[in-house]
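Trainee: Structure supplied as protein39.cif; contents: mmCIF, C-alpha atoms.
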data_final
loop_
_atom_site.label_atom_id
_atom_site.label_comp_id
_atom_site.auth_asym_id
_atom_site.auth_seq_id
_atom_site.Cartn_x
_atom_site.Cartn_y
_atom_site.Cartn_z
CA MET A 1 -23.09 44.61 -50.37
CA GLY A 2 -20.69 43.88 -47.52
CA GLU A 3 -19.50 40.61 -46.06
CA PHE A 4 -19.11 39.76 -42.41
CA LEU A 5 -17.04 37.29 -40.45
CA VAL A 6 -17.92 36.67 -36.82
CA ARG A 7 -15.34 34.79 -34.79
CA MET A 8 -17.22 32.76 -32.20
CA ASN A 9 -14.74 31.64 -29.54
CA ASN A 10 -16.84 28.93 -27.95
CA ALA A 11 -19.78 28.18 -30.27
CA VAL A 12 -20.13 24.42 -30.50
CA THR A 13 -19.17 22.47 -33.62
CA SER A 14 -21.48 19.51 -33.11
CA PRO A 15 -25.12 19.46 -34.28
CA ASN A 16 -26.16 17.98 -30.94
CA PHE A 17 -26.91 21.25 -29.22
CA SER A 18 -30.38 22.05 -27.95
CA LEU A 19 -32.49 24.66 -29.74
CA ASN A 20 -33.96 25.32 -26.29
CA SER A 21 -30.73 26.62 -24.77
CA LEU A 22 -28.68 28.38 -27.42
CA PRO A 23 -26.58 30.36 -24.89
CA ASP A 24 -25.35 27.02 -23.50
CA ALA A 25 -24.09 26.02 -26.95
CA GLY A 26 -21.14 28.40 -26.61
CA ARG A 27 -23.35 31.46 -27.10
CA MET A 28 -24.88 30.23 -30.33
CA ASP A 29 -27.58 32.85 -29.69
CA ILE A 30 -25.04 35.54 -30.55
CA ALA A 31 -24.22 33.82 -33.84
CA CYS A 32 -27.92 33.64 -34.71
CA ARG A 33 -28.58 37.31 -33.97
CA CYS A 34 -25.58 38.26 -36.08
CA VAL A 35 -27.00 36.34 -39.05
CA THR A 36 -30.43 37.95 -38.67
CA ASN A 37 -28.99 41.44 -38.50
CA ALA A 38 -26.67 40.85 -41.44
CA ILE A 39 -29.21 39.45 -43.88
CA PHE A 40 -32.70 40.78 -43.18
CA LEU A 41 -34.52 43.94 -44.09
CA SER A 42 -38.20 44.44 -43.44
CA PHE A 43 -39.93 41.78 -45.60
CA ALA A 44 -36.81 41.03 -47.62
CA LEU A 45 -33.33 39.66 -47.61
CA ARG A 46 -30.55 42.10 -48.35
CA LYS A 47 -28.85 41.57 -51.70
CA ASN A 48 -25.20 40.51 -52.04
CA VAL A 49 -24.57 39.91 -48.36
CA LYS A 50 -22.58 37.02 -46.95
CA ILE A 51 -21.99 36.30 -43.31
CA TYR A 52 -19.48 33.75 -42.12
CA LEU A 53 -19.80 32.24 -38.66
CA ASN A 54 -16.45 30.87 -37.58
CA LEU A 55 -17.15 28.41 -34.74
CA ASN A 56 -14.30 27.48 -32.41
CA GLY A 57 -16.01 25.54 -29.65
CA PRO A 58 -15.94 21.78 -28.93
CA PRO A 59 -15.86 19.07 -30.10
CA ASN A 60 -14.49 19.65 -33.56
CA PRO A 61 -13.20 23.19 -34.21
CA PRO A 62 -12.88 25.05 -36.42
CA VAL A 63 -16.03 25.03 -38.50
CA THR A 64 -17.15 27.88 -40.73
CA ILE A 65 -20.73 28.31 -41.90
CA CYS A 66 -21.64 30.88 -44.53
CA PHE A 67 -25.08 32.38 -45.28
CA ASP A 68 -25.31 33.92 -48.77
CA THR A 69 -28.39 36.09 -49.32
CA ASN A 70 -28.30 35.69 -53.09
CA LYS A 71 -29.20 32.01 -52.76
CA LEU A 72 -30.88 31.66 -49.35
CA LYS A 73 -34.39 30.25 -49.05
CA ASN A 74 -36.79 29.56 -46.20
CA VAL A 75 -34.82 31.42 -43.56
CA TYR A 76 -36.65 33.39 -40.87
CA PRO A 77 -35.33 36.06 -38.51
CA ASP A 78 -35.96 34.35 -35.17
CA GLU A 79 -32.93 32.93 -33.38
CA ARG A 80 -34.33 29.44 -33.24
CA ASN A 81 -34.87 29.31 -36.99
CA ILE A 82 -31.33 30.44 -37.75
CA ALA A 83 -30.03 27.95 -35.18
CA SER A 84 -31.93 25.14 -36.88
CA HIS A 85 -30.08 25.92 -40.13
CA ILE A 86 -26.75 25.93 -38.25
CA LYS A 87 -27.67 22.52 -36.85
CA ILE A 88 -28.35 21.16 -40.34
CA ALA A 89 -25.06 22.59 -41.58
CA LEU A 90 -23.12 20.96 -38.74
CA ARG A 91 -24.87 17.66 -39.43
CA LYS A 92 -23.86 17.78 -43.10
CA LEU A 93 -20.28 18.90 -42.43
CA ASN A 94 -17.67 16.97 -44.40
CA PRO A 95 -14.09 17.27 -43.12
CA ASN A 96 -12.67 17.06 -46.63
CA PHE A 97 -14.56 19.66 -48.64
CA GLU A 98 -17.08 22.48 -48.49
CA VAL A 99 -20.70 21.33 -48.49
CA GLU A 100 -23.83 23.30 -49.43
CA SER A 101 -26.04 22.11 -46.60
CA GLU A 102 -29.11 24.02 -47.86
CA PRO A 103 -29.59 26.63 -50.62
CA GLY A 104 -27.25 29.51 -49.81
CA ILE A 105 -25.71 27.88 -46.74
CA THR A 106 -22.26 26.31 -46.90
CA VAL A 107 -20.21 24.58 -44.22
CA SER A 108 -16.55 23.62 -44.12
CA LYS A 109 -13.63 23.00 -41.78
CA LYS A 110 -12.04 26.33 -42.79
CA SER A 111 -10.29 28.22 -40.04
CA PHE A 112 -10.60 31.92 -39.29
CA GLU A 113 -7.15 32.46 -40.78
CA GLN A 114 -8.05 30.61 -44.00
CA ILE A 115 -11.13 32.77 -44.55
CA ILE A 116 -9.10 35.93 -43.97
CA LYS A 117 -6.43 34.85 -46.46
CA GLU A 118 -9.02 33.86 -49.08
CA LYS A 119 -10.83 37.19 -48.88
CA PHE A 120 -7.55 39.10 -48.99
CA GLU A 121 -6.46 37.16 -52.07
CA ASN A 122 -9.85 37.76 -53.68
CA GLY A 123 -9.35 41.51 -53.55
CA PHE A 124 -11.54 42.40 -50.61
CA ASP A 125 -10.76 45.32 -48.32
CA LEU A 126 -10.66 43.81 -44.84
CA TYR A 127 -11.78 45.85 -41.83
CA TYR A 128 -11.41 44.83 -38.23
CA LEU A 129 -14.04 46.25 -35.90
CA THR A 130 -12.45 47.46 -32.67
CA LYS A 131 -12.96 50.36 -30.32
CA ASP A 132 -9.50 51.82 -31.03
CA GLY A 133 -10.21 51.93 -34.76
CA LYS A 134 -10.96 54.92 -36.98
CA ASP A 135 -14.49 56.29 -36.91
CA ILE A 136 -16.73 54.44 -39.38
CA LYS A 137 -18.05 57.80 -40.59
CA GLU A 138 -14.66 58.55 -42.15
CA PHE A 139 -14.84 55.57 -44.50
CA ASP A 140 -16.26 55.16 -47.95
CA PHE A 141 -16.42 51.41 -48.27
CA LYS A 142 -16.12 49.84 -51.69
CA GLU A 143 -18.34 47.01 -52.89
CA LYS A 144 -15.88 44.32 -51.84
CA SER A 145 -15.63 45.14 -48.15
CA PHE A 146 -15.19 42.47 -45.51
CA PHE A 147 -15.86 43.18 -41.83
CA ILE A 148 -14.30 41.12 -39.04
CA ILE A 149 -16.12 41.05 -35.72
CA GLY A 150 -15.43 39.34 -32.41
CA ASP A 151 -18.02 37.76 -30.15
CA ASN A 152 -18.54 38.61 -26.47
CA LYS A 153 -15.02 37.35 -25.68
CA GLY A 154 -13.39 39.41 -28.41
CA ILE A 155 -10.58 38.44 -30.77
CA PRO A 156 -7.56 36.76 -29.07
CA GLN A 157 -4.35 38.83 -29.10
CA LYS A 158 -2.50 36.27 -31.25
CA THR A 159 -5.26 36.48 -33.83
CA GLU A 160 -5.14 40.27 -33.74
CA LEU A 161 -1.44 40.12 -34.61
CA PHE A 162 -2.26 37.80 -37.52
CA LEU A 163 -4.94 40.24 -38.69
CA GLU A 164 -2.50 43.17 -38.81
CA ARG A 165 -0.97 41.69 -41.96
CA TYR A 166 -4.23 41.53 -43.88
CA ILE A 167 -6.51 44.32 -42.82
CA LYS A 168 -6.86 47.61 -44.62
CA ASP A 169 -7.92 49.41 -41.45
CA LYS A 170 -9.48 49.19 -38.03
CA VAL A 171 -12.98 50.58 -37.72
CA SER A 172 -14.76 51.95 -34.65
CA LEU A 173 -18.45 52.69 -34.12
CA GLY A 174 -17.80 55.41 -31.55
CA LYS A 175 -17.10 55.29 -27.85
CA ILE A 176 -19.75 52.75 -26.95
CA GLU A 177 -19.29 48.99 -27.11
CA TYR A 178 -22.25 47.29 -28.70
CA LEU A 179 -23.39 43.70 -28.91
CA ALA A 180 -21.71 41.96 -31.87
CA SER A 181 -25.12 41.66 -33.53
CA ALA A 182 -25.81 45.38 -33.08
CA CYS A 183 -22.43 46.20 -34.67
CA ILE A 184 -23.60 44.43 -37.82
CA THR A 185 -26.86 46.40 -37.91
CA ILE A 186 -24.90 49.63 -37.52
CA ILE A 187 -22.33 48.80 -40.23
CA ASN A 188 -25.14 47.94 -42.65
CA TYR A 189 -26.91 51.17 -41.72
CA GLU A 190 -23.81 53.33 -42.20
CA ILE A 191 -23.24 51.76 -45.62
CA ASP A 192 -26.91 52.27 -46.53
CA ARG A 193 -26.78 55.93 -45.55
CA LYS A 194 -23.76 56.58 -47.76
CA LYS A 195 -25.53 54.98 -50.71
CA TYR A 196 -29.09 56.29 -50.37
CA MET B 1 -31.89 57.80 -22.36
CA GLY B 2 -34.76 57.27 -24.77
CA GLU B 3 -37.93 55.31 -24.37
CA PHE B 4 -39.55 53.04 -26.93
CA LEU B 5 -43.05 51.78 -27.57
CA VAL B 6 -43.50 48.87 -29.96
CA ARG B 7 -47.05 48.23 -31.09
CA MET B 8 -47.37 44.48 -31.65
CA ASN B 9 -50.52 43.86 -33.70
CA ASN B 10 -50.87 40.16 -33.02
CA ALA B 11 -48.59 39.25 -30.12
CA VAL B 12 -50.52 37.02 -27.76
CA THR B 13 -51.78 38.22 -24.39
CA SER B 14 -51.90 34.83 -22.66
CA PRO B 15 -48.89 33.27 -20.91
CA ASN B 16 -49.66 29.93 -22.55
CA PHE B 17 -47.48 30.41 -25.59
CA SER B 18 -44.60 28.06 -26.31
CA LEU B 19 -41.03 29.29 -25.88
CA ASN B 20 -40.22 26.86 -28.71
CA SER B 21 -42.25 28.70 -31.35
CA LEU B 22 -42.20 32.43 -30.63
CA PRO B 23 -43.18 33.41 -34.20
CA ASP B 24 -46.43 31.47 -33.72
CA ALA B 25 -47.27 33.57 -30.66
CA GLY B 26 -48.17 36.53 -32.89
CA ARG B 27 -44.51 37.21 -33.72
CA MET B 28 -43.40 37.38 -30.11
CA ASP B 29 -39.87 36.90 -31.52
CA ILE B 30 -40.03 40.49 -32.86
CA ALA B 31 -41.01 41.80 -29.42
CA CYS B 32 -38.08 39.94 -27.84
CA ARG B 33 -35.51 41.25 -30.33
CA CYS B 34 -36.82 44.78 -29.80
CA VAL B 35 -36.24 44.46 -26.05
CA THR B 36 -32.71 43.11 -26.50
CA ASN B 37 -31.75 45.88 -28.87
CA ALA B 38 -33.27 48.58 -26.69
CA ILE B 39 -31.65 47.60 -23.42
CA PHE B 40 -28.31 45.87 -23.98
CA LEU B 41 -24.82 47.10 -24.60
CA SER B 42 -21.82 44.79 -24.63
CA PHE B 43 -21.62 43.42 -21.06
CA ALA B 44 -24.03 46.00 -19.68
CA LEU B 45 -27.54 47.30 -19.66
CA ARG B 46 -28.06 50.80 -21.00
CA LYS B 47 -28.98 53.36 -18.37
CA ASN B 48 -32.36 55.14 -18.28
CA VAL B 49 -33.99 53.13 -21.05
CA LYS B 50 -37.56 51.90 -21.00
CA ILE B 51 -39.21 49.81 -23.66
CA TYR B 52 -42.95 49.21 -23.74
CA LEU B 53 -44.35 46.22 -25.61
CA ASN B 54 -47.98 46.85 -26.44
CA LEU B 55 -49.52 43.45 -27.21
CA ASN B 56 -52.77 43.33 -29.17
CA GLY B 57 -53.20 39.65 -29.94
CA PRO B 58 -55.67 37.14 -28.46
CA PRO B 59 -57.11 36.30 -26.04
CA ASN B 60 -57.08 39.38 -23.85
CA PRO B 61 -55.82 42.54 -25.60
CA PRO B 62 -54.47 45.02 -24.91
CA VAL B 63 -51.61 44.27 -22.54
CA THR B 64 -48.56 46.47 -22.10
CA ILE B 65 -45.30 45.20 -20.63
CA CYS B 66 -42.49 47.60 -19.75
CA PHE B 67 -38.79 46.80 -19.25
CA ASP B 68 -36.94 49.50 -17.26
CA THR B 69 -33.13 49.17 -17.35
CA ASN B 70 -32.65 51.08 -14.12
CA LYS B 71 -34.25 48.26 -12.15
CA LEU B 72 -33.90 45.15 -14.34
CA LYS B 73 -32.11 42.06 -13.04
CA ASN B 74 -31.28 38.63 -14.45
CA VAL B 75 -32.22 39.42 -18.02
CA TYR B 76 -30.20 37.97 -20.90
CA PRO B 77 -30.13 38.98 -24.56
CA ASP B 78 -31.37 35.76 -26.17
CA GLU B 79 -34.95 35.78 -27.46
CA ARG B 80 -36.00 32.85 -25.34
CA ASN B 81 -34.85 34.54 -22.14
CA ILE B 82 -36.74 37.73 -22.91
CA ALA B 83 -39.78 35.67 -23.86
CA SER B 84 -39.65 33.86 -20.52
CA HIS B 85 -39.92 37.23 -18.75
CA ILE B 86 -42.86 38.19 -20.97
CA LYS B 87 -44.52 34.89 -20.02
CA ILE B 88 -44.08 35.64 -16.30
CA ALA B 89 -45.48 39.14 -16.80
CA LEU B 90 -48.56 37.79 -18.59
CA ARG B 91 -49.05 35.24 -15.83
CA LYS B 92 -48.99 37.95 -13.15
CA LEU B 93 -51.21 40.38 -15.07
CA ASN B 94 -53.97 41.93 -12.97
CA PRO B 95 -56.81 43.54 -14.92
CA ASN B 96 -57.28 46.23 -12.27
CA PHE B 97 -53.84 47.70 -11.70
CA GLU B 98 -50.23 47.71 -12.87
CA VAL B 99 -48.13 44.87 -11.45
CA GLU B 100 -44.34 44.65 -11.14
CA SER B 101 -43.95 41.06 -12.29
CA GLU B 102 -40.17 41.01 -11.68
CA PRO B 103 -37.66 43.75 -10.80
CA GLY B 104 -37.87 46.36 -13.56
CA ILE B 105 -40.71 44.64 -15.45
CA THR B 106 -44.27 45.92 -15.17
CA VAL B 107 -47.45 44.68 -16.79
CA SER B 108 -50.86 46.26 -17.14
CA LYS B 109 -53.99 46.39 -19.29
CA LYS B 110 -52.99 49.79 -20.66
CA SER B 111 -53.78 50.40 -24.30
CA PHE B 112 -51.47 51.94 -26.89
CA GLU B 113 -53.50 55.14 -26.72
CA GLN B 114 -53.23 55.32 -22.92
CA ILE B 115 -49.45 55.00 -23.02
CA ILE B 116 -49.22 57.72 -25.66
CA LYS B 117 -51.40 60.10 -23.63
CA GLU B 118 -49.45 59.42 -20.42
CA LYS B 119 -46.09 60.13 -22.05
CA PHE B 120 -47.45 63.26 -23.72
CA GLU B 121 -48.80 64.52 -20.40
CA ASN B 122 -45.49 63.72 -18.71
CA GLY B 123 -43.64 66.12 -21.01
CA PHE B 124 -42.05 63.65 -23.41
CA ASP B 125 -41.37 64.54 -27.03
CA LEU B 126 -43.10 61.80 -29.01
CA TYR B 127 -41.64 60.62 -32.33
CA TYR B 128 -43.31 58.25 -34.73
CA LEU B 129 -40.94 56.19 -36.83
CA THR B 130 -42.09 56.05 -40.44
CA LYS B 131 -40.47 56.11 -43.84
CA ASP B 132 -42.08 59.43 -44.82
CA GLY B 133 -40.67 61.13 -41.72
CA LYS B 134 -37.85 63.64 -41.43
CA ASP B 135 -34.30 62.25 -41.50
CA ILE B 136 -33.18 61.21 -38.01
CA LYS B 137 -29.88 63.01 -38.61
CA GLU B 138 -31.71 66.35 -38.50
CA PHE B 139 -32.87 65.85 -34.92
CA ASP B 140 -31.28 66.67 -31.63
CA PHE B 141 -33.36 64.60 -29.25
CA LYS B 142 -33.82 65.78 -25.70
CA GLU B 143 -33.54 63.47 -22.70
CA LYS B 144 -37.28 62.84 -22.55
CA SER B 145 -37.77 61.41 -26.03
CA PHE B 146 -40.26 58.67 -26.75
CA PHE B 147 -40.11 56.63 -29.97
CA ILE B 148 -43.15 54.84 -31.41
CA ILE B 149 -42.49 51.87 -33.65
CA GLY B 150 -44.74 49.46 -35.52
CA ASP B 151 -44.18 45.74 -35.90
CA ASN B 152 -44.05 43.87 -39.23
CA LYS B 153 -47.70 44.82 -39.90
CA GLY B 154 -47.13 48.51 -39.19
CA ILE B 155 -49.38 50.95 -37.37
CA PRO B 156 -53.07 50.87 -38.44
CA GLN B 157 -54.29 54.01 -40.24
CA LYS B 158 -56.79 54.84 -37.50
CA THR B 159 -54.00 54.71 -34.93
CA GLU B 160 -51.82 56.92 -37.14
CA LEU B 161 -54.58 59.54 -37.13
CA PHE B 162 -54.73 59.34 -33.35
CA LEU B 163 -50.95 59.78 -33.18
CA GLU B 164 -51.05 62.99 -35.23
CA ARG B 165 -52.46 64.80 -32.21
CA TYR B 166 -49.64 63.83 -29.88
CA ILE B 167 -46.41 63.47 -31.81
CA LYS B 168 -43.78 66.15 -32.10
CA ASP B 169 -42.56 64.79 -35.42
CA LYS B 170 -42.21 61.80 -37.73
CA VAL B 171 -38.74 60.32 -38.00
CA SER B 172 -37.20 58.35 -40.84
CA LEU B 173 -34.02 56.25 -40.90
CA GLY B 174 -33.43 56.79 -44.59
CA LYS B 175 -34.81 55.08 -47.66
CA ILE B 176 -34.50 51.53 -46.42
CA GLU B 177 -37.08 49.74 -44.31
CA TYR B 178 -35.50 47.87 -41.45
CA LEU B 179 -36.75 45.24 -39.06
CA ALA B 180 -38.44 46.89 -36.06
CA SER B 181 -35.65 45.58 -33.84
CA ALA B 182 -32.98 47.05 -36.12
CA CYS B 183 -34.76 50.43 -36.01
CA ILE B 184 -34.26 50.47 -32.24
CA THR B 185 -30.54 49.69 -32.56
CA ILE B 186 -30.19 52.51 -35.09
CA ILE B 187 -32.09 55.07 -33.00
CA ASN B 188 -29.93 54.23 -29.98
CA TYR B 189 -26.83 54.51 -32.15
CA GLU B 190 -27.80 57.88 -33.62
CA ILE B 191 -28.47 59.24 -30.13
CA ASP B 192 -25.13 57.83 -28.89
CA ARG B 193 -23.24 59.45 -31.74
CA LYS B 194 -24.70 62.85 -30.97
CA LYS B 195 -23.67 62.53 -27.33
CA TYR B 196 -20.20 60.93 -27.56
#
Give the structure from the file, written as structure tokens.
Mentor:
Amino acid sequence: MGEFLVRMNNAVTSPNFSLNSLPDAGRMDIACRCVTNAIFLSFALRKNVKIYLNLNGPPNPPVTICFDTNKLKNVYPDERNIASHIKIALRKLNPNFEVESEPGITVSKKSFEQIIKEKFENGFDLYYLTKDGKDIKEFDFKEKSFFIIGDNKGIPQKTELFLERYIKDKVSLGKIEYLASACITIINYEIDRKKY
Amino acid sequence: MGEFLVRMNNAVTSPNFSLNSLPDAGRMDIACRCVTNAIFLSFALRKNVKIYLNLNGPPNPPVTICFDTNKLKNVYPDERNIASHIKIALRKLNPNFEVESEPGITVSKKSFEQIIKEKFENGFDLYYLTKDGKDIKEFDFKEKSFFIIGDNKGIPQKTELFLERYIKDKVSLGKIEYLASACITIINYEIDRKKY
């Protein structure tokens, strides 16, 4: 269970980035680690997990790529493998409609705000991860929970104001600020520990 | 705080692996993700963390590489960057003594068993991460805690028997089996939450 949206401020929106220098592609390495931590268990994919990467870097922002574990195939946890799937998605991007670039991977021109509105309208509880939020241990997340996470540059203030209208609550992981990818591992873990 | 030892069954012990195919280097990608998750916070390195990668793949096993956050410099969280430091360490390996290959990174021919004995003799509490262990939430780890983690192939049975003599306890993260790298994030998180 659980869906994630990572807002990547500078991740490139062209497939012409090099798999040999992911940090130079607007920190595409962060996006890749977030996907790995969202979808993988030991020897298995998690069930019913989606992660949306919202890319806002040049030349053609925004682009949103979604990985859906219920349909994914042939995906491996190393950054380079995830990046290769992002590359394929960007290559198959169509400005007019959502495309399934590979099984379980979709790509579209949807903006961060569009994704938020769609999830809100579809009955999800939206949670914004921020250090001034309420302790994650106080929550009992329902099946349709949607977690919003910033990259290393965080969520712009204007976007935070937009979020206020849609989120159910702000969530904190304690006093320490973790890598975006680690936040996803921890959210999954906290949900696991409530269930099992 | 906290030190980690990851036993990599097949990770190569020659510097001649390709940074473009880390999984083919005996799953060196796992080793790299473990380092990132052990040492990084958002915009900072953790203090007083060491992670030992014990490599047991061809052609020259064993090799142990240690990253010490109190001395590390110029390390970045992407897998390829960590792998490049592993490559340098393997290139500077000396069979006769421990070498500091770069600031905060040491490499030696020490075996898994040697590291375990050293830590035990230095007064560390040793914990072996395994699904039949005691729930991590029941522990209150002291400053000198040392966590032993297997890679995707786990710890061989013979090695488990060896460990029995040295460990203080077995630790479990609940009913779910996580990636080795995720286990490290979770251990760090559980320790953080006890402290802050």
Trainee: Env of B:Lys195: 12 Å cut, atoms = all atoms listed in the file, seq-sep filter 4 positions within chain, self excluded. Answer as a short mmCIF file (atom, residue, chain, number, x, y, z; two decimals) with C-alpha atoms, in the frame of the given file.
Mentor:
data_model
loop_
_atom_site.label_atom_id
_atom_site.label_comp_id
_atom_site.auth_asym_id
_atom_site.auth_seq_id
_atom_site.Cartn_x
_atom_site.Cartn_y
_atom_site.Cartn_z
CA GLY A 174 -17.80 55.41 -31.55
CA LYS A 175 -17.10 55.29 -27.85
CA ILE A 176 -19.75 52.75 -26.95
CA MET B 1 -31.89 57.80 -22.36
CA ASP B 140 -31.28 66.67 -31.63
CA PHE B 141 -33.36 64.60 -29.25
CA LYS B 142 -33.82 65.78 -25.70
CA GLU B 143 -33.54 63.47 -22.70
CA ASN B 188 -29.93 54.23 -29.98
CA TYR B 189 -26.83 54.51 -32.15
CA GLU B 190 -27.80 57.88 -33.62
CA ILE B 191 -28.47 59.24 -30.13
#
Trainee: Could you tell me which residues the PyMOL selection byres ((chain A) within 7 of (chain B)) grabs in this file, written as a PyMOL selection string?
Mentor: chain A and resi 20+29+41-42+78-79+174-175+177-179+182+185-186+193+196
Trainee: Please measure the separation of atom CA of B:Ile167 and atom CA of B:Ser145, giving the value in Å to one decimal.
Mentor: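 One can read the atom CA of B:Ile167 to atom CA of B:Ser145 distance as 10.6 Å.
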Trainee: Set the distance at 10 Å and use only C-alpha atoms: which residues neighbour B:Ser14 once local chain neighbours fewer than 4 positions away are removed? I'd like the list as a count of residues only.
Mentor: 13
Trainee: Using Å and a single decimal, report how far atom CA of A:Tyr52 sits from atom CA of A:Thr106.
Mentor: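 For atom CA of A:Thr106 relative to atom CA of A:Tyr52, the distance reads 9.3 Å.
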Trainee: Hey, which of B:Val171, B:Ile39, B:Asn10, B:Leu163 ends up closest to B:Lys117? Count only C-alpha atoms.
Mentor: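 Of B:Val171, B:Ile39, B:Asn10, B:Leu163, the one nearest B:Lys117, counting only C-alpha atoms, is B:Leu163.
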Trainee: Excluding B:Lys110 and any residue of its chain fewer than 4 positions from it, enumerate the residues within 9 Å of it, using all atoms listed in the file, and give them as a ChimeraX atom specification.
Mentor: /B:54,62-65,98,114-115
Trainee: Pick from B:Leu129, B:Val49, B:Met8, B:Ile155: nearest to B:Asp169, with only C-alpha atoms counted?
Mentor: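 The shortest atom-to-atom distance to B:Asp169 comes from B:Leu129.
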